[in-house]
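J.: The file below is input-v1.pdb, PDB, C-alpha atoms and all ligand atoms:
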```
ATOM      1  CA  MET C   1       1.445   7.161  22.203  1.00  0.00           C
ATOM      2  CA  LYS C   2       1.558   4.793  19.242  1.00  0.00           C
ATOM      3  CA  ILE C   3       3.507   5.918  16.203  1.00  0.00           C
ATOM      4  CA  LEU C   4       3.392   4.331  12.749  1.00  0.00           C
ATOM      5  CA  ILE C   5       6.623   4.401  10.708  1.00  0.00           C
ATOM      6  CA  VAL C   6       6.179   3.807   6.968  1.00  0.00           C
ATOM      7  CA  ASP C   7       9.324   3.278   4.878  1.00  0.00           C
ATOM      8  CA  ASP C   8      10.321   0.671   2.303  1.00  0.00           C
ATOM      9  CA  SER C   9      13.839   0.446   3.729  1.00  0.00           C
ATOM     10  CA  ALA C  10      14.086  -1.781   6.802  1.00  0.00           C
ATOM     11  CA  THR C  11      17.366  -0.054   7.705  1.00  0.00           C
ATOM     12  CA  MET C  12      15.694   3.337   7.494  1.00  0.00           C
ATOM     13  CA  ARG C  13      12.798   2.132   9.676  1.00  0.00           C
ATOM     14  CA  LYS C  14      15.344   0.997  12.250  1.00  0.00           C
ATOM     15  CA  ILE C  15      17.116   4.363  12.176  1.00  0.00           C
ATOM     16  CA  ILE C  16      13.840   6.288  12.458  1.00  0.00           C
ATOM     17  CA  SER C  17      12.756   4.088  15.390  1.00  0.00           C
ATOM     18  CA  ARG C  18      16.023   4.684  17.184  1.00  0.00           C
ATOM     19  CA  VAL C  19      16.003   8.446  16.664  1.00  0.00           C
ATOM     20  CA  LEU C  20      12.324   8.677  17.702  1.00  0.00           C
ATOM     21  CA  ARG C  21      13.154   6.867  20.924  1.00  0.00           C
ATOM     22  CA  GLN C  22      16.117   9.191  21.522  1.00  0.00           C
ATOM     23  CA  ALA C  23      14.011  12.283  20.905  1.00  0.00           C
ATOM     24  CA  ALA C  24      12.387  12.306  24.340  1.00  0.00           C
ATOM     25  CA  LEU C  25       8.895  11.845  22.949  1.00  0.00           C
ATOM     26  CA  ASN C  26       6.161  10.062  24.820  1.00  0.00           C
ATOM     27  CA  ILE C  27       6.321   6.802  22.861  1.00  0.00           C
ATOM     28  CA  GLU C  28       4.546   3.669  23.937  1.00  0.00           C
ATOM     29  CA  THR C  29       4.681   1.571  20.759  1.00  0.00           C
ATOM     30  CA  LEU C  30       6.283   1.903  17.337  1.00  0.00           C
ATOM     31  CA  ILE C  31       4.535   0.083  14.509  1.00  0.00           C
ATOM     32  CA  GLU C  32       6.210  -0.397  11.115  1.00  0.00           C
ATOM     33  CA  ALA C  33       4.940  -0.691   7.552  1.00  0.00           C
ATOM     34  CA  ALA C  34       6.910  -1.093   4.305  1.00  0.00           C
ATOM     35  CA  ASN C  35       4.683   0.988   1.987  1.00  0.00           C
ATOM     36  CA  GLY C  36       1.502   3.037   1.940  1.00  0.00           C
ATOM     37  CA  ARG C  37      -0.816   0.110   1.343  1.00  0.00           C
ATOM     38  CA  GLU C  38       0.627  -1.721   4.319  1.00  0.00           C
ATOM     39  CA  GLY C  39       0.428   1.530   6.304  1.00  0.00           C
ATOM     40  CA  LEU C  40      -3.326   1.755   5.650  1.00  0.00           C
ATOM     41  CA  GLU C  41      -3.697  -1.852   6.807  1.00  0.00           C
ATOM     42  CA  LYS C  42      -1.789  -1.146  10.025  1.00  0.00           C
ATOM     43  CA  LEU C  43      -3.937   1.911  10.692  1.00  0.00           C
ATOM     44  CA  GLN C  44      -7.051  -0.162  10.308  1.00  0.00           C
ATOM     45  CA  ALA C  45      -5.689  -2.869  12.616  1.00  0.00           C
ATOM     46  CA  HIS C  46      -4.535  -0.270  15.178  1.00  0.00           C
ATOM     47  CA  PRO C  47      -7.107   2.542  15.308  1.00  0.00           C
ATOM     48  CA  ASP C  48      -5.307   3.996  18.329  1.00  0.00           C
ATOM     49  CA  ILE C  49      -2.212   5.049  16.331  1.00  0.00           C
ATOM     50  CA  HIS C  50      -1.668   8.731  17.193  1.00  0.00           C
ATOM     51  CA  LEU C  51       0.856   9.857  14.632  1.00  0.00           C
ATOM     52  CA  VAL C  52       2.400   8.765  11.326  1.00  0.00           C
ATOM     53  CA  VAL C  53       5.906   9.313   9.977  1.00  0.00           C
ATOM     54  CA  THR C  54       6.181   8.324   6.313  1.00  0.00           C
ATOM     55  CA  ASP C  55       8.732   8.070   3.550  1.00  0.00           C
ATOM     56  CA  ILE C  56       7.699   9.345   0.094  1.00  0.00           C
ATOM     57  CA  ASN C  57       9.335   7.034  -2.445  1.00  0.00           C
ATOM     58  CA  MET C  58       8.011   3.523  -1.879  1.00  0.00           C
ATOM     59  CA  PRO C  59       6.762   0.697  -4.131  1.00  0.00           C
ATOM     60  CA  GLU C  60       3.068  -0.359  -4.266  1.00  0.00           C
ATOM     61  CA  MET C  61       1.799   2.877  -2.716  1.00  0.00           C
ATOM     62  CA  ASN C  62       4.050   5.908  -2.255  1.00  0.00           C
ATOM     63  CA  GLY C  63       3.869   8.403   0.587  1.00  0.00           C
ATOM     64  CA  VAL C  64       1.889  10.989  -1.379  1.00  0.00           C
ATOM     65  CA  ASP C  65      -0.841   8.515  -2.390  1.00  0.00           C
ATOM     66  CA  PHE C  66      -0.834   7.148   1.158  1.00  0.00           C
ATOM     67  CA  LEU C  67      -1.357  10.630   2.577  1.00  0.00           C
ATOM     68  CA  ARG C  68      -4.039  11.450   0.003  1.00  0.00           C
ATOM     69  CA  THR C  69      -5.975   8.269   0.861  1.00  0.00           C
ATOM     70  CA  LEU C  70      -5.515   8.783   4.582  1.00  0.00           C
ATOM     71  CA  ARG C  71      -6.845  12.334   4.452  1.00  0.00           C
ATOM     72  CA  LEU C  72     -10.134  11.073   2.989  1.00  0.00           C
ATOM     73  CA  GLN C  73     -10.642   9.325   6.339  1.00  0.00           C
ATOM     74  CA  LYS C  74      -8.867  11.406   8.970  1.00  0.00           C
ATOM     75  CA  SER C  75      -8.134  15.108   9.304  1.00  0.00           C
ATOM     76  CA  LYS C  76      -4.832  16.732  10.291  1.00  0.00           C
ATOM     77  CA  GLU C  77      -6.190  17.110  13.803  1.00  0.00           C
ATOM     78  CA  GLN C  78      -7.318  13.488  14.053  1.00  0.00           C
ATOM     79  CA  LEU C  79      -4.097  11.966  12.755  1.00  0.00           C
ATOM     80  CA  PRO C  80      -0.930  14.054  12.320  1.00  0.00           C
ATOM     81  CA  VAL C  81       1.270  12.889   9.420  1.00  0.00           C
ATOM     82  CA  PHE C  82       4.917  13.844   8.926  1.00  0.00           C
ATOM     83  CA  MET C  83       6.756  13.219   5.668  1.00  0.00           C
ATOM     84  CA  ILE C  84      10.414  12.245   5.545  1.00  0.00           C
ATOM     85  CA  THR C  85      12.061  14.248   2.797  1.00  0.00           C
ATOM     86  CA  THR C  86      15.533  14.742   1.447  1.00  0.00           C
ATOM     87  CA  GLU C  87      17.578  17.900   1.167  1.00  0.00           C
ATOM     88  CA  GLY C  88      16.381  19.818  -1.897  1.00  0.00           C
ATOM     89  CA  GLY C  89      13.002  18.089  -2.064  1.00  0.00           C
ATOM     90  CA  ASP C  90      11.159  21.415  -1.949  1.00  0.00           C
ATOM     91  CA  ALA C  91       8.573  20.586  -4.619  1.00  0.00           C
ATOM     92  CA  MET C  92       7.715  17.332  -2.866  1.00  0.00           C
ATOM     93  CA  ARG C  93       7.477  19.114   0.491  1.00  0.00           C
ATOM     94  CA  LEU C  94       5.047  21.687  -0.910  1.00  0.00           C
ATOM     95  CA  ALA C  95       2.940  18.957  -2.512  1.00  0.00           C
ATOM     96  CA  ALA C  96       2.828  17.029   0.757  1.00  0.00           C
ATOM     97  CA  MET C  97       1.823  20.098   2.756  1.00  0.00           C
ATOM     98  CA  ALA C  98      -0.893  20.938   0.218  1.00  0.00           C
ATOM     99  CA  LEU C  99      -2.251  17.396   0.573  1.00  0.00           C
ATOM    100  CA  GLY C 100      -2.535  17.707   4.318  1.00  0.00           C
ATOM    101  CA  ALA C 101       0.766  16.702   5.885  1.00  0.00           C
ATOM    102  CA  ASN C 102       1.273  18.284   9.306  1.00  0.00           C
ATOM    103  CA  GLY C 103       4.977  18.740   8.663  1.00  0.00           C
ATOM    104  CA  TYR C 104       8.124  17.117   7.382  1.00  0.00           C
ATOM    105  CA  ILE C 105      11.436  15.844   8.625  1.00  0.00           C
ATOM    106  CA  THR C 106      14.446  16.342   6.412  1.00  0.00           C
ATOM    107  CA  LYS C 107      17.161  13.677   6.224  1.00  0.00           C
ATOM    108  CA  PRO C 108      19.625  13.392   7.824  1.00  0.00           C
ATOM    109  CA  PHE C 109      17.776  14.025  11.075  1.00  0.00           C
ATOM    110  CA  THR C 110      18.799  14.001  14.718  1.00  0.00           C
ATOM    111  CA  PRO C 111      16.826  13.527  17.949  1.00  0.00           C
ATOM    112  CA  GLU C 112      16.809  17.336  18.199  1.00  0.00           C
ATOM    113  CA  THR C 113      15.271  17.918  14.773  1.00  0.00           C
ATOM    114  CA  ILE C 114      12.720  15.161  15.438  1.00  0.00           C
ATOM    115  CA  GLN C 115      11.876  16.749  18.761  1.00  0.00           C
ATOM    116  CA  ALA C 116      11.491  20.148  17.098  1.00  0.00           C
ATOM    117  CA  ALA C 117       9.137  18.739  14.442  1.00  0.00           C
ATOM    118  CA  LEU C 118       7.048  16.319  16.518  1.00  0.00           C
ATOM    119  CA  GLY C 119       7.389  17.545  20.094  1.00  0.00           C
ATOM    120  CA  ARG C 120       4.154  19.489  20.105  1.00  0.00           C
ATOM    121  CA  TYR C 121       2.249  16.400  18.863  1.00  0.00           C
ATOM    122  CA  ALA C 122       3.957  13.786  21.027  1.00  0.00           C
ATOM    123  CA  ALA C 123       4.529  15.491  24.359  1.00  0.00           C
TER     124      ALA C 123
HETATM  125 MG    MG E 201      11.967   4.900   0.149  1.00  0.00          MG
END
```
Could you render the structure as structure tokens?
Ligand SMILES: [Mg+2]
T.:
Amino acid sequence: MKILIVDDSATMRKIISRVLRQAALNIETLIEAANGREGLEKLQAHPDIHLVVTDINMPEMNGVDFLRTLRLQKSKEQLPVFMITTEGGDAMRLAAMALGANGYITKPFTPETIQAALGRYAA
């Protein structure tokens, strides 16, 4: 499967890529974007992306606006979206779930926590 990683930190994108690959998911290609606007562009260029993992705080278009825009086009079933959140970000997590996120991954994460969150979607 193709997974889109959206995060404004290149280091974070590298870490997420590595942990996703270690998580024993069925990954064919990882595509990266630096903010929500770029994420929407990548989704348009690659309509076969199966799943999205996105940061929340990003310039240009943040993860919440990205998710809101995305959900006007694709349902939770059509394109699962997981938010990356920080410890204590409960309000943000609730907002993301209400907007149609399929789940969230809390930093710091391990291959095991990634597997637990995404396994059912990326078997
Ligand atoms: Mg960020």
J.: Could you tell me how far CA of Thr113 in chain C lies from CA of Ala24 in chain C, in Å and to one decimal?
T.: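 Between CA of Thr113 in chain C and CA of Ala24 in chain C the gap works out to 11.5 Å.
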J.: Return the single residue from C:Leu79, C:Ala98, C:Leu70, C:Met61 that is closest to ligand MG 201 (chain E), with distances computed using only C-alpha atoms and all ligand atoms.
T.: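 Using only C-alpha atoms and all ligand atoms, the shortest distance to ligand MG 201 (chain E) belongs to C:Met61.
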J.: Using all atoms listed in the file, which of C:Leu25, C:Met58, C:Ile114, C:Leu43 sits nearest ligand MG 201 (chain E)?
T.: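 Using all atoms listed in the file, the shortest distance to ligand MG 201 (chain E) belongs to C:Met58.
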J.: Go through the shown structure with the PyMOL selection byres (((chain C and resi 35) around 8) and not hetatm) and write out the matching residues as a list in words.
T.: Val6, Asp7, Asp8, Ala33, Ala34, Gly36, Arg37, Glu38, Gly39, Met58, Pro59, Glu60, Met61, Asn62 and Gly63 of chain C
J.: How far is it from CA of Arg18 in chain C to CA of Lys74 in chain C, in Å with one decimal?
T.: 27.1 Å
J.: Considering all atoms listed in the file, state which residue in the set C:Asn102, C:Ser17, C:Gln44, C:Asn57 is at the smallest distance from Ser75 in chain C.
T.: C:Asn102
J.: Quote the spacing between CA of Leu20 in chain C and CA of Leu72 in chain C in Å to one decimal place.
T.: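 The value is 27.0 Å.
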J.: Got a sec: who's within 10 Å of Met83 in chain C, counting all atoms listed in the file, leaving out chain neighbours fewer than 6 positions off, as an MDAnalysis selection string?
T.: chainID C and resid 6 52:56 63:64 67 92:93 96:97 101:106
J.: Near Pro111 in chain C, within 6 Å and counting all atoms listed in the file, which residues show up once chain neighbours fewer than 3 positions away are dropped, as an NGL selection string?
T.: :C and (19 or 22-23 or 114-115)
J.: Counting all atoms listed in the file, which residue out of C:Arg68, C:Leu4, C:Ile15, C:Ile27 sits closest to Glu41 in chain C?
T.: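 Checking each candidate against Glu41 in chain C, we get C:Leu4 as the closest.
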J.: When the PyMOL selection byres (((chain C and resi 48) around 12) and not hetatm) is applied to the structure above, which residues does it catch, written out as a list of chain:residue names?
T.: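 Expected selection for the PyMOL selection byres (((chain C and resi 48) around 12) and not hetatm) here is C:Met1, C:Lys2, C:Ile3, C:Leu4, C:Glu28, C:Thr29, C:Leu30, C:Ile31, C:Lys42, C:Leu43, C:Gln44, C:Ala45, C:His46, C:Pro47, C:Ile49, C:His50, C:Leu51, C:Val52, C:Gln78, C:Leu79.
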J.: Tell me which of C:Met12, C:Gly100, C:Ala122, C:Ile5 sits closest to ligand MG 201 (chain E), counting all atoms listed in the file.
T.: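 Closest candidate: C:Met12.
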J.: Considering only C-alpha atoms and all ligand atoms, can you say which of C:Ile16, C:Leu40, C:Ile84, C:Ala91 comes closest to ligand MG 201 (chain E)?
T.: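 Ranked by minimum distance to ligand MG 201 (chain E), first place goes to C:Ile84.
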